[in-house]
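Colleague: Got a structure for you, written out below as structure tokens; questions coming shortly.
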Amino acid sequence: MSAGLSVAGLILAAGESRRMGFPKALLRYREETFLDRLAGLFAARCSPVIVVLGAEAERIRAGGHPAATFVVNPDWARGQTTSMQCGLRAVPPEADGVLFTLVDHPAVAPATIDALLAGPRATLLRVPRSNGRRGHPIWFSRELIPEFLALPETGAARDVVRGHAAQTQFLDVDDPGILADIDDPEAYRGLTGAGA
């Protein structure tokens, strides 16, 4: 990250985890919860680290990371876009950019995050790719915050991302963790090696 640049971290942990049957933020990976691992990685590089809660907010907050700033999205059931917007409203004005991820991507390598934060200032977005597939986290300039906030409930963050393809830097990384979207028990077993 260039000297003098400030990056806010944003982690979405508001969903119901219906398919998992347990709050994904509190699942364990390498001796830590998903949330603690991501919040720790982000806190070493970002300030503040904003965690958006919704379903099971008190349970997650009780076990949460000391570096995290928690905000609760009262409209979490209306979809992920409302949670992202809730978190973006908490980004301080001095932040030059936002490092954004979902709590169910805990396996990202620290080097990938460093690469995302070290990119050129001329880009509006930096997106990691592994084997040609895009993953999380992504970095975006604060210039895009108004566009994300303007999305309708039915919109998706990818709508904004696709609209700025010409100003997006794709980083090809040897990091399968950017693609490890842990949505159900089978994916979790694959991540942890349980029963493999």
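Note on naming: chains are A, B, ... as they come in the structure tokens, residues start from 1 per chain, ligands start from 1 in the order shown.
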Which neighbours of segment 105-117 of chain A fall inside 6 Å, counting only C-alpha atoms, when residues of the same chain fewer than 5 positions from it are skipped, and could you give them as an mmCIF file with N, CA and C atoms, in the first residue's frame?
Modeller:
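Saved as result34.cif:
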```cif
data_model
loop_
_atom_site.group_PDB
_atom_site.id
_atom_site.type_symbol
_atom_site.label_atom_id
_atom_site.label_comp_id
_atom_site.auth_asym_id
_atom_site.auth_seq_id
_atom_site.Cartn_x
_atom_site.Cartn_y
_atom_site.Cartn_z
ATOM 1 N N MET A 1 0.847 -1.188 0.000
ATOM 2 C CA MET A 1 0.000 0.000 0.000
ATOM 3 C C MET A 1 0.885 1.240 0.000
ATOM 4 N N PHE A 34 -13.914 -18.047 11.098
ATOM 5 C CA PHE A 34 -13.797 -17.366 9.809
ATOM 6 C C PHE A 34 -13.652 -15.859 10.027
ATOM 7 N N LEU A 38 -10.352 -13.436 9.042
ATOM 8 C CA LEU A 38 -10.442 -12.328 8.082
ATOM 9 C C LEU A 38 -10.230 -10.982 8.759
ATOM 10 N N GLY A 177 -7.569 -19.905 -2.441
ATOM 11 C CA GLY A 177 -8.396 -19.396 -1.355
ATOM 12 C C GLY A 177 -9.345 -18.296 -1.779
ATOM 13 N N ILE A 178 -9.014 -17.569 -2.864
ATOM 14 C CA ILE A 178 -9.914 -16.495 -3.304
ATOM 15 C C ILE A 178 -11.216 -17.054 -3.866
ATOM 16 N N ALA A 180 -12.568 -20.036 -2.628
ATOM 17 C CA ALA A 180 -13.152 -20.960 -1.640
ATOM 18 C C ALA A 180 -14.348 -20.309 -0.965
ATOM 19 N N ASP A 181 -15.487 -20.432 -1.610
ATOM 20 C CA ASP A 181 -16.747 -19.865 -1.127
ATOM 21 C C ASP A 181 -17.443 -20.952 -0.307
#
```
Colleague: Find the residues around Pro66 of chain A up to 10 Å (only C-alpha atoms counted), leave out those fewer than 6 positions away in its own chain, and share them as a PyMOL selection string.
Modeller: chain A and resi 36+39-40+43
Colleague: Using only C-alpha atoms, find each residue in segment 72-141 of chain A having at least one atom no more than 12 Å away from segment 53-56 of chain A; report its shortest atom-to-atom pair and that distance in Å (one decimal), rows by chain then rising number, as a Markdown table.
Modeller:
```
| residue | atom | partner | partner_atom | distance |
| --- | --- | --- | --- | --- |
| A:Val72 | CA | A:Leu53 | CA | 4.7 |
| A:Asn73 | CA | A:Gly54 | CA | 5.3 |
| A:Pro74 | CA | A:Gly54 | CA | 6.5 |
| A:Asp75 | CA | A:Gly54 | CA | 7.7 |
| A:Trp76 | CA | A:Gly54 | CA | 5.3 |
| A:Ala77 | CA | A:Gly54 | CA | 7.8 |
| A:Arg78 | CA | A:Gly54 | CA | 10.5 |
| A:Gly79 | CA | A:Gly54 | CA | 10.4 |
| A:Gln80 | CA | A:Gly54 | CA | 10.3 |
| A:Thr82 | CA | A:Gly54 | CA | 10.4 |
| A:Ser83 | CA | A:Leu53 | CA | 7.9 |
| A:Met84 | CA | A:Leu53 | CA | 10.4 |
| A:Cys86 | CA | A:Leu53 | CA | 9.6 |
| A:Gly87 | CA | A:Leu53 | CA | 9.3 |
| A:Leu102 | CA | A:Leu53 | CA | 11.3 |
| A:Val103 | CA | A:Leu53 | CA | 10.4 |
```
Colleague: Export, as an mmCIF file, in the first residue's frame, the selected residues with C-alpha atoms.
Modeller:
```cif
data_model
loop_
_atom_site.group_PDB
_atom_site.id
_atom_site.type_symbol
_atom_site.label_atom_id
_atom_site.label_comp_id
_atom_site.auth_asym_id
_atom_site.auth_seq_id
_atom_site.Cartn_x
_atom_site.Cartn_y
_atom_site.Cartn_z
ATOM 1 C CA VAL A 72 -25.928 -4.156 12.236
ATOM 2 C CA ASN A 73 -28.015 -4.100 9.079
ATOM 3 C CA PRO A 74 -31.689 -4.111 10.135
ATOM 4 C CA ASP A 75 -32.625 -4.945 6.522
ATOM 5 C CA TRP A 76 -30.258 -7.914 6.154
ATOM 6 C CA ALA A 77 -33.101 -10.213 5.094
ATOM 7 C CA ARG A 78 -33.621 -8.051 1.993
ATOM 8 C CA GLY A 79 -30.329 -9.203 0.556
ATOM 9 C CA GLN A 80 -26.587 -8.776 0.375
ATOM 10 C CA THR A 82 -28.384 -3.809 1.667
ATOM 11 C CA SER A 83 -25.626 -5.186 3.895
ATOM 12 C CA MET A 84 -22.877 -3.856 1.660
ATOM 13 C CA CYS A 86 -24.926 -0.493 5.410
ATOM 14 C CA GLY A 87 -21.191 -1.133 5.749
ATOM 15 C CA LEU A 102 -17.700 -11.964 2.321
ATOM 16 C CA VAL A 103 -17.118 -13.822 5.578
#
```
Colleague: Which residue out of A:Ala67, A:Leu26, A:Val127, A:Cys46 has the minimum interatomic distance to Asp104 of chain A when only C-alpha atoms are used?
Modeller: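 Of A:Ala67, A:Leu26, A:Val127, A:Cys46, the one nearest Asp104 of chain A is A:Leu26, counting only C-alpha atoms.
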Colleague: Using only C-alpha atoms, which of A:His136, A:Arg61, A:Arg121, A:Arg126 sits nearest Thr101 of chain A?
Modeller: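 Going through A:His136, A:Arg61, A:Arg121, A:Arg126 one by one, the smallest distance to Thr101 of chain A is for A:His136.
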Colleague: Among segment 1-192 of chain A, which ones does DSSP assign to strand (DSSP E) (computed from the backbone)? Answer as a PDB file with N, CA and C atoms, in the first residue's frame.
Modeller:
```
ATOM      1  N   VAL A   7      -7.039   2.614   3.810  1.00  0.00           N
ATOM      2  CA  VAL A   7      -7.993   1.644   3.285  1.00  0.00           C
ATOM      3  C   VAL A   7      -8.875   1.150   4.422  1.00  0.00           C
ATOM      4  N   ALA A   8     -10.171   1.174   4.202  1.00  0.00           N
ATOM      5  CA  ALA A   8     -11.115   0.581   5.149  1.00  0.00           C
ATOM      6  C   ALA A   8     -11.381  -0.858   4.732  1.00  0.00           C
ATOM      7  N   GLY A   9     -11.499  -1.732   5.703  1.00  0.00           N
ATOM      8  CA  GLY A   9     -11.893  -3.113   5.424  1.00  0.00           C
ATOM      9  C   GLY A   9     -13.388  -3.270   5.615  1.00  0.00           C
ATOM     10  N   LEU A  10     -13.996  -4.080   4.788  1.00  0.00           N
ATOM     11  CA  LEU A  10     -15.437  -4.319   4.886  1.00  0.00           C
ATOM     12  C   LEU A  10     -15.700  -5.812   4.711  1.00  0.00           C
ATOM     13  N   ILE A  11     -16.256  -6.420   5.752  1.00  0.00           N
ATOM     14  CA  ILE A  11     -16.552  -7.854   5.750  1.00  0.00           C
ATOM     15  C   ILE A  11     -18.052  -8.031   5.977  1.00  0.00           C
ATOM     16  N   LEU A  12     -18.710  -8.713   5.060  1.00  0.00           N
ATOM     17  CA  LEU A  12     -20.142  -8.970   5.218  1.00  0.00           C
ATOM     18  C   LEU A  12     -20.363 -10.297   5.936  1.00  0.00           C
ATOM     19  N   ALA A  13     -21.067 -10.233   7.065  1.00  0.00           N
ATOM     20  CA  ALA A  13     -21.364 -11.428   7.859  1.00  0.00           C
ATOM     21  C   ALA A  13     -22.806 -11.383   8.347  1.00  0.00           C
ATOM     22  N   ARG A  28     -14.904 -22.639  12.104  1.00  0.00           N
ATOM     23  CA  ARG A  28     -13.470 -22.560  12.422  1.00  0.00           C
ATOM     24  C   ARG A  28     -12.610 -22.967  11.212  1.00  0.00           C
ATOM     25  N   TYR A  29     -11.506 -22.254  11.078  1.00  0.00           N
ATOM     26  CA  TYR A  29     -10.528 -22.531  10.024  1.00  0.00           C
ATOM     27  C   TYR A  29      -9.153 -22.227  10.597  1.00  0.00           C
ATOM     28  N   GLU A  32      -9.023 -20.687  14.120  1.00  0.00           N
ATOM     29  CA  GLU A  32      -9.721 -19.418  14.322  1.00  0.00           C
ATOM     30  C   GLU A  32     -11.098 -19.500  13.681  1.00  0.00           C
ATOM     31  N   THR A  33     -11.989 -18.609  14.106  1.00  0.00           N
ATOM     32  CA  THR A  33     -13.254 -18.519  13.378  1.00  0.00           C
ATOM     33  C   THR A  33     -12.986 -17.832  12.038  1.00  0.00           C
ATOM     34  N   VAL A  49     -11.833  -1.815  10.368  1.00  0.00           N
ATOM     35  CA  VAL A  49     -12.342  -3.044   9.776  1.00  0.00           C
ATOM     36  C   VAL A  49     -13.818  -3.122  10.171  1.00  0.00           C
ATOM     37  N   ILE A  50     -14.679  -2.897   9.196  1.00  0.00           N
ATOM     38  CA  ILE A  50     -16.121  -2.830   9.428  1.00  0.00           C
ATOM     39  C   ILE A  50     -16.727  -4.201   9.127  1.00  0.00           C
ATOM     40  N   VAL A  51     -17.440  -4.744  10.103  1.00  0.00           N
ATOM     41  CA  VAL A  51     -18.101  -6.042   9.935  1.00  0.00           C
ATOM     42  C   VAL A  51     -19.599  -5.813  10.019  1.00  0.00           C
ATOM     43  N   VAL A  52     -20.302  -6.184   8.952  1.00  0.00           N
ATOM     44  CA  VAL A  52     -21.743  -5.994   8.913  1.00  0.00           C
ATOM     45  C   VAL A  52     -22.431  -7.270   9.386  1.00  0.00           C
ATOM     46  N   LEU A  53     -23.252  -7.119  10.424  1.00  0.00           N
ATOM     47  CA  LEU A  53     -23.990  -8.232  10.997  1.00  0.00           C
ATOM     48  C   LEU A  53     -25.472  -8.097  10.687  1.00  0.00           C
ATOM     49  N   ALA A  68     -12.508  -5.375  15.186  1.00  0.00           N
ATOM     50  CA  ALA A  68     -13.636  -5.124  14.292  1.00  0.00           C
ATOM     51  C   ALA A  68     -14.551  -4.024  14.822  1.00  0.00           C
ATOM     52  N   THR A  69     -15.067  -3.227  13.895  1.00  0.00           N
ATOM     53  CA  THR A  69     -16.139  -2.277  14.190  1.00  0.00           C
ATOM     54  C   THR A  69     -17.419  -2.894  13.644  1.00  0.00           C
ATOM     55  N   PHE A  70     -18.333  -3.234  14.533  1.00  0.00           N
ATOM     56  CA  PHE A  70     -19.549  -3.919  14.106  1.00  0.00           C
ATOM     57  C   PHE A  70     -20.660  -2.926  13.801  1.00  0.00           C
ATOM     58  N   VAL A  71     -21.339  -3.149  12.679  1.00  0.00           N
ATOM     59  CA  VAL A  71     -22.565  -2.431  12.369  1.00  0.00           C
ATOM     60  C   VAL A  71     -23.623  -3.480  12.054  1.00  0.00           C
ATOM     61  N   VAL A  72     -24.847  -3.205  12.452  1.00  0.00           N
ATOM     62  CA  VAL A  72     -25.928  -4.156  12.236  1.00  0.00           C
ATOM     63  C   VAL A  72     -26.859  -3.623  11.156  1.00  0.00           C
ATOM     64  N   GLY A  97      -9.889   3.978  -0.158  1.00  0.00           N
ATOM     65  CA  GLY A  97     -10.428   2.800  -0.823  1.00  0.00           C
ATOM     66  C   GLY A  97     -10.994   1.829   0.190  1.00  0.00           C
ATOM     67  N   VAL A  98     -11.593   0.756  -0.327  1.00  0.00           N
ATOM     68  CA  VAL A  98     -12.233  -0.251   0.516  1.00  0.00           C
ATOM     69  C   VAL A  98     -11.774  -1.632   0.065  1.00  0.00           C
ATOM     70  N   LEU A  99     -11.360  -2.446   1.025  1.00  0.00           N
ATOM     71  CA  LEU A  99     -11.061  -3.855   0.777  1.00  0.00           C
ATOM     72  C   LEU A  99     -12.281  -4.640   1.241  1.00  0.00           C
ATOM     73  N   PHE A 100     -12.922  -5.325   0.310  1.00  0.00           N
ATOM     74  CA  PHE A 100     -14.244  -5.893   0.547  1.00  0.00           C
ATOM     75  C   PHE A 100     -14.239  -7.404   0.364  1.00  0.00           C
ATOM     76  N   THR A 101     -14.882  -8.112   1.309  1.00  0.00           N
ATOM     77  CA  THR A 101     -15.036  -9.551   1.153  1.00  0.00           C
ATOM     78  C   THR A 101     -16.283 -10.034   1.886  1.00  0.00           C
ATOM     79  N   LEU A 102     -16.632 -11.267   1.612  1.00  0.00           N
ATOM     80  CA  LEU A 102     -17.700 -11.964   2.321  1.00  0.00           C
ATOM     81  C   LEU A 102     -17.050 -12.868   3.363  1.00  0.00           C
ATOM     82  N   LEU A 125     -10.722  -0.382  -9.514  1.00  0.00           N
ATOM     83  CA  LEU A 125     -10.977  -1.684  -8.901  1.00  0.00           C
ATOM     84  C   LEU A 125      -9.780  -2.595  -9.100  1.00  0.00           C
ATOM     85  N   ARG A 126      -9.543  -3.456  -8.111  1.00  0.00           N
ATOM     86  CA  ARG A 126      -8.554  -4.520  -8.257  1.00  0.00           C
ATOM     87  C   ARG A 126      -9.212  -5.823  -7.812  1.00  0.00           C
ATOM     88  N   VAL A 127      -9.176  -6.808  -8.710  1.00  0.00           N
ATOM     89  CA  VAL A 127      -9.892  -8.061  -8.497  1.00  0.00           C
ATOM     90  C   VAL A 127      -8.906  -9.212  -8.677  1.00  0.00           C
ATOM     91  N   PRO A 128      -8.837 -10.134  -7.708  1.00  0.00           N
ATOM     92  CA  PRO A 128      -7.922 -11.271  -7.871  1.00  0.00           C
ATOM     93  C   PRO A 128      -8.540 -12.346  -8.763  1.00  0.00           C
ATOM     94  N   ARG A 129      -7.665 -13.032  -9.499  1.00  0.00           N
ATOM     95  CA  ARG A 129      -8.097 -14.148 -10.354  1.00  0.00           C
ATOM     96  C   ARG A 129      -7.202 -15.345 -10.101  1.00  0.00           C
ATOM     97  N   SER A 130      -7.800 -16.510 -10.055  1.00  0.00           N
ATOM     98  CA  SER A 130      -7.047 -17.759  -9.936  1.00  0.00           C
ATOM     99  C   SER A 130      -7.594 -18.723 -10.982  1.00  0.00           C
ATOM    100  N   ARG A 133     -10.591 -17.514 -12.895  1.00  0.00           N
ATOM    101  CA  ARG A 133     -11.839 -17.230 -12.165  1.00  0.00           C
ATOM    102  C   ARG A 133     -11.617 -16.113 -11.153  1.00  0.00           C
ATOM    103  N   ARG A 134     -12.573 -15.191 -11.101  1.00  0.00           N
ATOM    104  CA  ARG A 134     -12.470 -14.063 -10.179  1.00  0.00           C
ATOM    105  C   ARG A 134     -12.904 -14.473  -8.776  1.00  0.00           C
ATOM    106  N   ILE A 138     -11.992  -8.000  -2.971  1.00  0.00           N
ATOM    107  CA  ILE A 138     -11.690  -7.029  -4.011  1.00  0.00           C
ATOM    108  C   ILE A 138     -11.390  -5.691  -3.340  1.00  0.00           C
ATOM    109  N   TRP A 139     -10.611  -4.884  -4.033  1.00  0.00           N
ATOM    110  CA  TRP A 139     -10.350  -3.517  -3.578  1.00  0.00           C
ATOM    111  C   TRP A 139     -11.027  -2.568  -4.560  1.00  0.00           C
ATOM    112  N   PHE A 140     -11.641  -1.506  -4.015  1.00  0.00           N
ATOM    113  CA  PHE A 140     -12.171  -0.477  -4.909  1.00  0.00           C
ATOM    114  C   PHE A 140     -11.952   0.911  -4.322  1.00  0.00           C
ATOM    115  N   SER A 141     -11.837   1.866  -5.222  1.00  0.00           N
ATOM    116  CA  SER A 141     -11.623   3.258  -4.852  1.00  0.00           C
ATOM    117  C   SER A 141     -12.880   3.831  -4.208  1.00  0.00           C
ATOM    118  N   THR A 168     -10.464  -1.576 -14.314  1.00  0.00           N
ATOM    119  CA  THR A 168     -10.238  -2.664 -13.364  1.00  0.00           C
ATOM    120  C   THR A 168      -8.913  -3.350 -13.658  1.00  0.00           C
ATOM    121  N   GLN A 169      -8.142  -3.567 -12.599  1.00  0.00           N
ATOM    122  CA  GLN A 169      -6.910  -4.342 -12.716  1.00  0.00           C
ATOM    123  C   GLN A 169      -7.193  -5.742 -12.170  1.00  0.00           C
ATOM    124  N   PHE A 170      -6.963  -6.750 -13.007  1.00  0.00           N
ATOM    125  CA  PHE A 170      -7.113  -8.129 -12.559  1.00  0.00           C
ATOM    126  C   PHE A 170      -5.740  -8.656 -12.163  1.00  0.00           C
ATOM    127  N   LEU A 171      -5.669  -9.212 -10.960  1.00  0.00           N
ATOM    128  CA  LEU A 171      -4.411  -9.747 -10.448  1.00  0.00           C
ATOM    129  C   LEU A 171      -4.473 -11.262 -10.499  1.00  0.00           C
ATOM    130  N   ASP A 172      -3.624 -11.859 -11.337  1.00  0.00           N
ATOM    131  CA  ASP A 172      -3.577 -13.316 -11.403  1.00  0.00           C
ATOM    132  C   ASP A 172      -2.702 -13.825 -10.259  1.00  0.00           C
TER     133      ASP A 172
END
```
Colleague: Please identify which residues in segment 124-196 of chain A DSSP calls helix (DSSP H, G or I) from the backbone, and express them as number ranges by chain.
Modeller: A: 142-149, 157-162, 165-167, 176-179, 185-192
Colleague: Write the residues of the preceding selection, restricted to N, CA, C and O atoms, as a compact mmCIF listing (two decimals), in the first residue's frame.
Modeller:
```txt
# COMPACT_ATOMS: atom_id res chain seq x y z
N ARG A 142 -12.69 4.80 -3.30
CA ARG A 142 -13.85 5.42 -2.67
C ARG A 142 -14.73 6.15 -3.70
O ARG A 142 -15.89 6.40 -3.44
N GLU A 143 -14.16 6.43 -4.88
CA GLU A 143 -14.96 7.05 -5.94
C GLU A 143 -16.19 6.22 -6.30
O GLU A 143 -17.18 6.75 -6.80
N LEU A 144 -16.11 4.92 -6.07
CA LEU A 144 -17.21 4.04 -6.46
C LEU A 144 -18.27 3.89 -5.36
O LEU A 144 -19.35 3.34 -5.62
N ILE A 145 -17.99 4.36 -4.16
CA ILE A 145 -18.94 4.19 -3.06
C ILE A 145 -20.32 4.74 -3.42
O ILE A 145 -21.34 4.06 -3.20
N PRO A 146 -20.44 5.96 -4.01
CA PRO A 146 -21.78 6.44 -4.35
C PRO A 146 -22.52 5.52 -5.32
O PRO A 146 -23.76 5.39 -5.24
N GLU A 147 -21.79 4.86 -6.22
CA GLU A 147 -22.45 3.95 -7.16
C GLU A 147 -22.98 2.71 -6.45
O GLU A 147 -24.08 2.23 -6.74
N PHE A 148 -22.20 2.18 -5.51
CA PHE A 148 -22.69 1.04 -4.74
C PHE A 148 -23.89 1.44 -3.89
O PHE A 148 -24.86 0.68 -3.77
N LEU A 149 -23.85 2.62 -3.32
CA LEU A 149 -24.96 3.08 -2.48
C LEU A 149 -26.23 3.35 -3.29
O LEU A 149 -27.33 3.29 -2.77
N ALA A 157 -23.49 -5.94 -6.39
CA ALA A 157 -22.20 -5.24 -6.48
C ALA A 157 -21.54 -5.49 -7.82
O ALA A 157 -20.88 -4.61 -8.38
N ARG A 158 -21.72 -6.70 -8.36
CA ARG A 158 -21.07 -7.01 -9.65
C ARG A 158 -21.56 -6.10 -10.77
O ARG A 158 -20.88 -5.92 -11.77
N ASP A 159 -22.77 -5.52 -10.61
CA ASP A 159 -23.26 -4.59 -11.63
C ASP A 159 -22.34 -3.37 -11.73
O ASP A 159 -22.04 -2.90 -12.83
N VAL A 160 -21.90 -2.88 -10.58
CA VAL A 160 -20.97 -1.75 -10.56
C VAL A 160 -19.60 -2.19 -11.09
O VAL A 160 -18.97 -1.50 -11.90
N VAL A 161 -19.16 -3.35 -10.64
CA VAL A 161 -17.85 -3.86 -11.07
C VAL A 161 -17.81 -4.00 -12.60
O VAL A 161 -16.86 -3.55 -13.25
N ARG A 162 -18.84 -4.60 -13.17
CA ARG A 162 -18.86 -4.81 -14.63
C ARG A 162 -18.89 -3.48 -15.38
O ARG A 162 -18.36 -3.37 -16.48
N ALA A 165 -15.15 -2.11 -16.14
CA ALA A 165 -14.16 -3.10 -16.59
C ALA A 165 -12.89 -2.45 -17.11
O ALA A 165 -11.78 -2.94 -16.90
N ALA A 166 -13.04 -1.30 -17.77
CA ALA A 166 -11.86 -0.64 -18.36
C ALA A 166 -10.94 -0.07 -17.30
O ALA A 166 -9.76 0.16 -17.57
N GLN A 167 -11.46 0.19 -16.10
CA GLN A 167 -10.62 0.74 -15.02
C GLN A 167 -10.33 -0.31 -13.95
O GLN A 167 -10.02 0.04 -12.79
N PRO A 176 -5.84 -20.45 -4.48
CA PRO A 176 -7.19 -21.00 -4.59
C PRO A 176 -8.13 -20.50 -3.51
O PRO A 176 -9.35 -20.61 -3.63
N GLY A 177 -7.57 -19.90 -2.44
CA GLY A 177 -8.40 -19.40 -1.36
C GLY A 177 -9.35 -18.30 -1.78
O GLY A 177 -10.39 -18.10 -1.15
N ILE A 178 -9.01 -17.57 -2.86
CA ILE A 178 -9.91 -16.50 -3.30
C ILE A 178 -11.22 -17.05 -3.87
O ILE A 178 -12.21 -16.34 -3.98
N LEU A 179 -11.20 -18.35 -4.22
CA LEU A 179 -12.38 -18.98 -4.82
C LEU A 179 -13.13 -19.86 -3.82
O LEU A 179 -14.19 -20.38 -4.13
N PRO A 185 -22.26 -27.41 4.16
CA PRO A 185 -21.38 -28.34 4.89
C PRO A 185 -20.37 -29.07 4.00
O PRO A 185 -19.24 -29.31 4.42
N GLU A 186 -20.76 -29.40 2.78
CA GLU A 186 -19.84 -30.10 1.88
C GLU A 186 -18.63 -29.22 1.54
O GLU A 186 -17.48 -29.68 1.56
N ALA A 187 -18.88 -27.95 1.24
CA ALA A 187 -17.78 -27.03 0.95
C ALA A 187 -16.89 -26.85 2.17
O ALA A 187 -15.66 -26.74 2.06
N TYR A 188 -17.51 -26.82 3.34
CA TYR A 188 -16.72 -26.66 4.58
C TYR A 188 -15.83 -27.87 4.81
O TYR A 188 -14.66 -27.73 5.17
N ARG A 189 -16.37 -29.07 4.58
CA ARG A 189 -15.53 -30.27 4.71
C ARG A 189 -14.38 -30.23 3.73
O ARG A 189 -13.26 -30.64 4.05
N GLY A 190 -14.63 -29.74 2.52
CA GLY A 190 -13.57 -29.63 1.54
C GLY A 190 -12.47 -28.68 1.98
O GLY A 190 -11.28 -28.90 1.76
N LEU A 191 -12.87 -27.59 2.64
CA LEU A 191 -11.91 -26.58 3.11
C LEU A 191 -11.05 -27.12 4.23
O LEU A 191 -9.83 -26.95 4.25
N THR A 192 -11.68 -27.80 5.18
CA THR A 192 -10.97 -28.21 6.38
C THR A 192 -10.35 -29.60 6.25
O THR A 192 -9.56 -30.01 7.10
```
Colleague: Figure out the distance between atom CA of Ile182 of chain A and atom CA of Leu124 of chain A, please, to one decimal in Å.
Modeller: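 Computed distance, atom CA of Leu124 of chain A to atom CA of Ile182 of chain A, equals 27.5 Å.
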